[in-house]
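Novice: First, the structure itself, so that you have it in front of you.
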Amino acid sequence: MRTKPGRSRLRFRSALAVAAAGAVAAACTAGGGAASGPAEAPGADQAVTVQVWSNFSDRELGILKEALDKYHGKHTNITIENQGSQDDDKITQSIRSGNPPDVAISFTTDNIGQFASSGAWQDLKPYIERDEYDLDDIPQAVRDYTEYDGKRVALPMLADVYGLYYNKDLLAAAGLTAPPKTTAELLDYAKRTTVKNPDGSIAVAGFLPQMGFYAFKPQIVATMFDAKWIDKDGRSILGQDQGWKDMFTWQKELIDFYGWENLQKFTAGLGQEYSADNGFHAGKVAMAIDGEYRTAFIADQTPALNYGTATIPTSKPENHGGGYTTGTIIGIPKGAKNPGAAWDLVKFLTSDTDALVGLANGLHNVPSTKTSLSSPDLKLGETFKPFLDAFQNENLTSNPASTIGDQYLKIVSDFSESWQSGSVPDLGAGLTTLDKQIDDAKALGK
């Protein structure tokens, strides 16, 4: 279990990564790229060293090593250097300098558009076609967030899926026996499970509607309301899509129920997202949206908590059962010295069921192939099941990749903060302005 916010793929990457990725194509040197055809894996009698960089550290780096050791056991001529604490900035800088690792593992799926458009990560299509890699074993939403504009520069190694956590005791105290399935029910349940002090301040919040607090972020909430980001030409359509209007209207109703100042005071007294006194852990929040990895935090920090999990509520009943997904991605940087061996390792880490199940069990993430989901060796517990179910559901979604990385998410998040505090007088006009800001940012990023 990751013990720091770095585990969350929704964090914003630094501006350095944007500038660096934009300059990568010009700075890359030749190094066995796939442009002239896929490189072959080394023969059994050829000794090769493959460098693998990731942002894993401590215990989690050891879990990755176990998977790498399984590969080495099958290919004893390939030595693997497993280097952790390497984020996207460091990987991008290594590409610019002409000395990249052979395999790069990233937690930031929102950088896919930059990796692909700049040429920073190699196109894997030649390898996939040559080896008849089964992309159909990966859910469509996951295939979507690992490619950009038809170019596949990454494959998923593990996934995060977001669902609903609920405190069974707090729901029972309000006369509720099952979690909400629709956003209308969630709004009602939130009000019914809220407990206020005599002065009107919040003692227990049924559900926290503040964008940016814990895992409640626009890209996740958009899934709940079937809100669409772009049209077929890649233009932003938040101002035209009814889902965004419904989402922000729903959010504002719950904020008004609590009172903005009351919410501010209440959340200021809650623990940090990844600490043992997280508001949900402490029994001060009845329901929360969070990733599957929260199950491991609860087991470690507050094992006595009587809670359940479910797929996220949706505004449209027919969309229920899915969720929002993102995850760990893996690829081959431009200029990799041993691309053939790198691809063979990438293929193993993303398609070998034993390797994926071991990683999932150790890291408490969702294994990223349909085949691995049905493995009898998957040991993640009953509270993990809704996340596995959502991962296989046709309503699973993610946000689109962009050449500006997660900059457009930051633009929407900034708007959300203004909206929820009452600083946006006209929602429709505000969303239309958002579209222009996002499209302008994309134009500058090309």
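In the structure tokens, chains take letters A, B, ... by order of appearance, with residues numbered from 1 within each chain and ligands from 1 in the order shown.
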Residues within 9 Å of Pro100 (chain A), please, as a PyMOL selection string. Count only C-alpha atoms; anything in the same chain fewer than 6 positions from it doesn't count.

Specialist: chain A and resi 51+91-94+333-337

Novice: What parts of region 91-204 of chain A does DSSP call strand (DSSP E)? I'd like the answer as a PDB file with C-alpha atoms, in the first residue's frame.

Specialist:
```
ATOM      1  CA  VAL A 103      11.496   0.877 -20.092  1.00  0.00           C
ATOM      2  CA  ALA A 104       9.569   3.749 -18.499  1.00  0.00           C
ATOM      3  CA  ILE A 105       6.707   3.289 -16.047  1.00  0.00           C
ATOM      4  CA  SER A 106       4.513   6.315 -15.341  1.00  0.00           C
ATOM      5  CA  GLU A 147      -3.009   6.000 -26.827  1.00  0.00           C
ATOM      6  CA  TYR A 148      -3.410   9.396 -28.481  1.00  0.00           C
ATOM      7  CA  LYS A 151      -0.737   6.315 -31.820  1.00  0.00           C
ATOM      8  CA  ARG A 152      -0.172   3.727 -29.109  1.00  0.00           C
ATOM      9  CA  LEU A 155       0.216  -0.181 -22.466  1.00  0.00           C
ATOM     10  CA  PRO A 156      -1.514  -0.444 -19.085  1.00  0.00           C
ATOM     11  CA  MET A 157       0.341  -2.322 -16.360  1.00  0.00           C
ATOM     12  CA  LEU A 158      -2.250  -1.844 -13.613  1.00  0.00           C
ATOM     13  CA  ALA A 159      -5.380   0.271 -13.235  1.00  0.00           C
ATOM     14  CA  ASP A 160      -7.158   2.437 -10.691  1.00  0.00           C
ATOM     15  CA  VAL A 161     -10.952   2.391 -10.616  1.00  0.00           C
ATOM     16  CA  TYR A 162     -13.038   4.826  -8.589  1.00  0.00           C
ATOM     17  CA  GLY A 163     -16.199   3.856  -6.741  1.00  0.00           C
ATOM     18  CA  LEU A 164     -18.302   4.678  -3.694  1.00  0.00           C
ATOM     19  CA  TYR A 165     -17.241   3.957  -0.115  1.00  0.00           C
ATOM     20  CA  TYR A 166     -19.975   4.028   2.536  1.00  0.00           C
ATOM     21  CA  ASN A 167     -20.039   3.707   6.309  1.00  0.00           C
ATOM     22  CA  VAL A 195     -25.535  15.256  11.486  1.00  0.00           C
ATOM     23  CA  LYS A 196     -25.402  18.918  12.486  1.00  0.00           C
ATOM     24  CA  ILE A 202     -21.371  19.962  10.697  1.00  0.00           C
ATOM     25  CA  ALA A 203     -20.682  17.066  13.053  1.00  0.00           C
ATOM     26  CA  VAL A 204     -20.894  14.335  10.394  1.00  0.00           C
TER      27      VAL A 204
END
```

Novice: Find, counting only C-alpha atoms, the residue in A:Gly243, A:Lys228, A:Gly212, A:Ile332 that gets nearest to Gly119 (chain A).

Specialist: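 Closest to Gly119 (chain A) of all the choices is A:Ile332.
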
Novice: When you count only C-alpha atoms, which of these residues is closest to Gly279 (chain A): A:Ala205, A:Thr383, A:Phe248, A:Glu318?

Specialist: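 Going through A:Ala205, A:Thr383, A:Phe248, A:Glu318 one by one, the smallest distance to Gly279 (chain A) is for A:Ala205.
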
Novice: Using DSSP assignments from the backbone, pull out every residue in region 97-332 of chain A that falls under helix (DSSP H, G or I) and give it to me as a ChimeraX atom specification.

Specialist: /A:109-118,125-131,135-137,140-145,168-173,183-193,218-224,242-258,260-268,294-301,317-319

Novice: Which residue out of A:Ala304, A:Ala341, A:Ala441, A:Leu187 has the minimum interatomic distance to Ile78 (chain A) when only C-alpha atoms are used?

Specialist: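 Smallest separation from Ile78 (chain A) among the options: A:Ala341.
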